[in-house]
Every structure is written in structure tokens, then in C-alpha cells.
Amino acid sequence: MARKITILSTPGCPNVTVLQERLADALARSGGPAPTVIVEEITDPTEASRRGFHGSPALLLDGVDAFATSDSPTGFACRTYRTETGIQGAPSVEQLVIALANGEGR
């Protein structure tokens with residue numbers, strides 16, 4: 001499991017809370033020592049570009065975006081996730097459990 005989890009977001013992103021709640025549930029299901037979870041705001045397009053930000057909210061496991069693919073666009077924008085119940089603003093709990101176990105999402 002990742003030792004450090006970072007949630008990156010844009011100011012006022014409504015899906016950060018959803019991701020935090022689902023992540024807490026996934027971590028509880030995963031067991032083991034709790035990693036450090038940090039929330040950081042990406043405040044402008046220049047910072048988003050510089051950091052290779054793939055949209056808000058993003059989940060980094062030990063510094064790597066767990067759900068970005070090689071063709072994921074970068075930018076100062078909202079992000080959507082394909083879940084087992086359709087497109088949502090955050091990964092599902094099940095996707096997060098798998099990401100934590102594998103050290104990745106996708």
C-alpha cells in the first residue's frame with residue numbers, strides 16, 4: 001500500500017469530499033497501517049501544467065496519479081472517472097480498494 005496519498009484539487013471542487021469519503025471507506029476495507037493523506041490545491045492553469053495535473057480531483061499514490069493513462073489530458077479542469085455504475089466525479093470505493101492494493105488505479 002502507498003505510504004503517502006495526495007488528493008489534488010482545484011479550488012471549490014465539489015468532488016473532493018466524495019473522494020475523501022470513498023478513500024476513507026477503501027482504507028478501512030484495506031486494513032493495515034494508515035498512510036498519510038494530504039490534500040493540495042492546484043490554484044491556476046500554470047501550476048496545473050507544470051505539475052502534469054490531470055484534473056480535479058486527482059489521487060496520487062506515492063506521487064503517481066493512480067488513474068491517469070498515457071493519453072489522459074492535463075489541465076486546470078474537472079475530472080471524471082468511469083466506474084462500474086457510470087461516469088462519476090470520483091473513483092468508486094471498489095476502484096480505490098484495487099488501486100491501494102496494487103499501488104495504482106486505472
# chains A, B, ... in the order shown; residues from 1 in each chain; ligands from 1
>>> select_by_dssp(residues="chain A", states="helix (DSSP H, G or I)", output="VMD selection string")
chain A and resid 15 to 30 45 to 51 93 to 102
>>> write_last_selection(atoms="C-alpha atoms", output="compact mmCIF listing (two decimals), in the first residue's frame")
# COMPACT_ATOMS: atom_id res chain seq x y z
CA ASN A 15 -15.91 16.03 -5.74
CA VAL A 16 -13.03 16.30 -3.25
CA THR A 17 -15.36 15.46 -0.38
CA VAL A 18 -16.75 12.48 -2.32
CA LEU A 19 -13.22 11.22 -2.97
CA GLN A 20 -12.21 11.71 0.67
CA GLU A 21 -15.24 9.76 1.90
CA ARG A 22 -14.71 6.93 -0.56
CA LEU A 23 -10.99 6.83 0.19
CA ALA A 24 -11.67 6.57 3.94
CA ASP A 25 -14.00 3.64 3.25
CA ALA A 26 -11.44 1.98 0.95
CA LEU A 27 -8.66 2.42 3.51
CA ALA A 28 -10.85 0.91 6.23
CA ARG A 29 -11.54 -2.10 3.99
CA SER A 30 -7.87 -2.47 3.09
CA PRO A 45 -3.54 26.74 -15.06
CA THR A 46 0.21 27.42 -14.95
CA GLU A 47 0.64 25.26 -11.85
CA ALA A 48 -1.61 22.57 -13.38
CA SER A 49 0.58 22.45 -16.47
CA ARG A 50 3.82 22.46 -14.50
CA ARG A 51 2.67 19.56 -12.32
CA VAL A 93 -14.76 2.57 -3.36
CA GLU A 94 -14.08 -0.70 -5.19
CA GLN A 95 -11.73 1.02 -7.64
CA LEU A 96 -9.91 2.68 -4.74
CA VAL A 97 -9.52 -0.63 -2.88
CA ILE A 98 -7.93 -2.13 -6.01
CA ALA A 99 -5.73 0.92 -6.54
CA LEU A 100 -4.50 0.78 -2.95
CA ALA A 101 -3.78 -2.94 -3.17
CA ASN A 102 -1.94 -2.61 -6.48
>>> select_by_dssp(residues="chain A", states="strand (DSSP E or B)", output="compact mmCIF listing (two decimals) with C-alpha atoms, in the first residue's frame")
# COMPACT_ATOMS: atom_id res chain seq x y z
CA LYS A 4 1.67 8.76 1.06
CA ILE A 5 -1.64 9.59 -0.58
CA THR A 6 -2.21 13.02 -2.06
CA ILE A 7 -5.51 14.38 -3.28
CA LEU A 8 -5.01 17.22 -5.75
CA SER A 9 -7.91 19.54 -6.44
CA THR A 36 -0.55 9.81 5.35
CA VAL A 37 -3.28 11.58 3.33
CA ILE A 38 -2.64 15.13 2.16
CA VAL A 39 -4.96 17.45 0.24
CA GLU A 40 -3.33 20.04 -2.02
CA GLU A 41 -4.95 22.72 -4.15
CA SER A 56 -9.76 17.64 -10.10
CA ALA A 58 -6.75 13.54 -8.66
CA LEU A 59 -5.41 10.79 -6.41
CA LEU A 60 -1.66 10.32 -6.17
CA LEU A 61 -0.21 7.19 -4.58
CA VAL A 64 1.91 8.84 -9.05
CA ASP A 65 -1.58 9.61 -10.39
CA CYS A 78 -12.75 18.96 -13.55
CA TYR A 81 -13.97 8.63 -13.71
CA ARG A 82 -15.51 5.58 -15.39
CA THR A 83 -16.94 3.49 -12.58
CA GLY A 86 -21.23 5.00 -14.88
CA ILE A 87 -19.31 8.27 -15.12
CA GLN A 88 -18.74 9.94 -11.75
>>> residues_around(residues="Ala68 of chain A", least_positions_apart="2", cutoff="9 Å", atoms="only C-alpha atoms", output="PyMOL selection string")
chain A and resi 54+58+64-66+70-73+105-106
>>> write_last_selection(atoms="C-alpha atoms", output="mmCIF file, in the first residue's frame")
data_model
loop_
_atom_site.group_PDB
_atom_site.id
_atom_site.type_symbol
_atom_site.label_atom_id
_atom_site.label_comp_id
_atom_site.auth_asym_id
_atom_site.auth_seq_id
_atom_site.Cartn_x
_atom_site.Cartn_y
_atom_site.Cartn_z
ATOM 1 C CA HIS A 54 -4.996 15.584 -14.961
ATOM 2 C CA ALA A 58 -6.749 13.539 -8.660
ATOM 3 C CA VAL A 64 1.915 8.839 -9.052
ATOM 4 C CA ASP A 65 -1.576 9.609 -10.395
ATOM 5 C CA ALA A 66 -3.391 6.330 -9.769
ATOM 6 C CA SER A 70 -0.789 7.819 -21.159
ATOM 7 C CA ASP A 71 -3.479 9.668 -23.104
ATOM 8 C CA SER A 72 -5.068 11.463 -20.114
ATOM 9 C CA PRO A 73 -5.154 15.189 -20.841
ATOM 10 C CA GLY A 105 -5.799 2.690 -10.249
ATOM 11 C CA ARG A 106 -6.571 2.976 -13.928
#
>>> atom_distance(atom1="atom CA of Gly103 of chain A", atom2="atom CA of Ala2 of chain A")
6.1 Å
>>> closest_residue(among="A:Pro14, A:Phe76, A:Thr69, A:Arg3", to="Pro33 of chain A", atoms="only C-alpha atoms")
A:Arg3
>>> decode(residues="segment 88-102 of chain A", atoms="N, CA and C atoms", output="PDB file, in the first residue's frame")
ATOM      1  N   GLN A  88     -18.574   9.217 -13.012  1.00  0.00           N
ATOM      2  CA  GLN A  88     -18.737   9.937 -11.749  1.00  0.00           C
ATOM      3  C   GLN A  88     -17.571  10.897 -11.544  1.00  0.00           C
ATOM      4  N   GLY A  89     -17.682  11.742 -10.546  1.00  0.00           N
ATOM      5  CA  GLY A  89     -16.654  12.728 -10.248  1.00  0.00           C
ATOM      6  C   GLY A  89     -15.514  12.222  -9.392  1.00  0.00           C
ATOM      7  N   ALA A  90     -15.573  10.944  -8.983  1.00  0.00           N
ATOM      8  CA  ALA A  90     -14.517  10.321  -8.178  1.00  0.00           C
ATOM      9  C   ALA A  90     -14.566   8.817  -8.421  1.00  0.00           C
ATOM     10  N   PRO A  91     -13.444   8.127  -8.233  1.00  0.00           N
ATOM     11  CA  PRO A  91     -13.452   6.671  -8.370  1.00  0.00           C
ATOM     12  C   PRO A  91     -14.371   6.043  -7.328  1.00  0.00           C
ATOM     13  N   SER A  92     -14.878   4.852  -7.637  1.00  0.00           N
ATOM     14  CA  SER A  92     -15.716   4.130  -6.675  1.00  0.00           C
ATOM     15  C   SER A  92     -14.847   3.580  -5.551  1.00  0.00           C
ATOM     16  N   VAL A  93     -15.485   3.174  -4.475  1.00  0.00           N
ATOM     17  CA  VAL A  93     -14.761   2.566  -3.357  1.00  0.00           C
ATOM     18  C   VAL A  93     -14.031   1.316  -3.845  1.00  0.00           C
ATOM     19  N   GLU A  94     -14.690   0.524  -4.681  1.00  0.00           N
ATOM     20  CA  GLU A  94     -14.077  -0.701  -5.187  1.00  0.00           C
ATOM     21  C   GLU A  94     -12.830  -0.389  -6.007  1.00  0.00           C
ATOM     22  N   GLN A  95     -12.897   0.629  -6.858  1.00  0.00           N
ATOM     23  CA  GLN A  95     -11.731   1.025  -7.640  1.00  0.00           C
ATOM     24  C   GLN A  95     -10.597   1.491  -6.731  1.00  0.00           C
ATOM     25  N   LEU A  96     -10.933   2.199  -5.674  1.00  0.00           N
ATOM     26  CA  LEU A  96      -9.915   2.684  -4.742  1.00  0.00           C
ATOM     27  C   LEU A  96      -9.275   1.530  -3.973  1.00  0.00           C
ATOM     28  N   VAL A  97     -10.070   0.540  -3.574  1.00  0.00           N
ATOM     29  CA  VAL A  97      -9.523  -0.625  -2.880  1.00  0.00           C
ATOM     30  C   VAL A  97      -8.499  -1.322  -3.781  1.00  0.00           C
ATOM     31  N   ILE A  98      -8.850  -1.493  -5.057  1.00  0.00           N
ATOM     32  CA  ILE A  98      -7.934  -2.134  -6.007  1.00  0.00           C
ATOM     33  C   ILE A  98      -6.688  -1.290  -6.209  1.00  0.00           C
ATOM     34  N   ALA A  99      -6.877   0.022  -6.354  1.00  0.00           N
ATOM     35  CA  ALA A  99      -5.728   0.915  -6.537  1.00  0.00           C
ATOM     36  C   ALA A  99      -4.781   0.857  -5.354  1.00  0.00           C
ATOM     37  N   LEU A 100      -5.341   0.841  -4.152  1.00  0.00           N
ATOM     38  CA  LEU A 100      -4.496   0.783  -2.954  1.00  0.00           C
ATOM     39  C   LEU A 100      -3.754  -0.538  -2.867  1.00  0.00           C
ATOM     40  N   ALA A 101      -4.413  -1.620  -3.238  1.00  0.00           N
ATOM     41  CA  ALA A 101      -3.776  -2.937  -3.174  1.00  0.00           C
ATOM     42  C   ALA A 101      -2.670  -3.081  -4.210  1.00  0.00           C
ATOM     43  N   ASN A 102      -2.897  -2.479  -5.379  1.00  0.00           N
ATOM     44  CA  ASN A 102      -1.940  -2.615  -6.484  1.00  0.00           C
ATOM     45  C   ASN A 102      -0.958  -1.453  -6.584  1.00  0.00           C
TER      46      ASN A 102
END
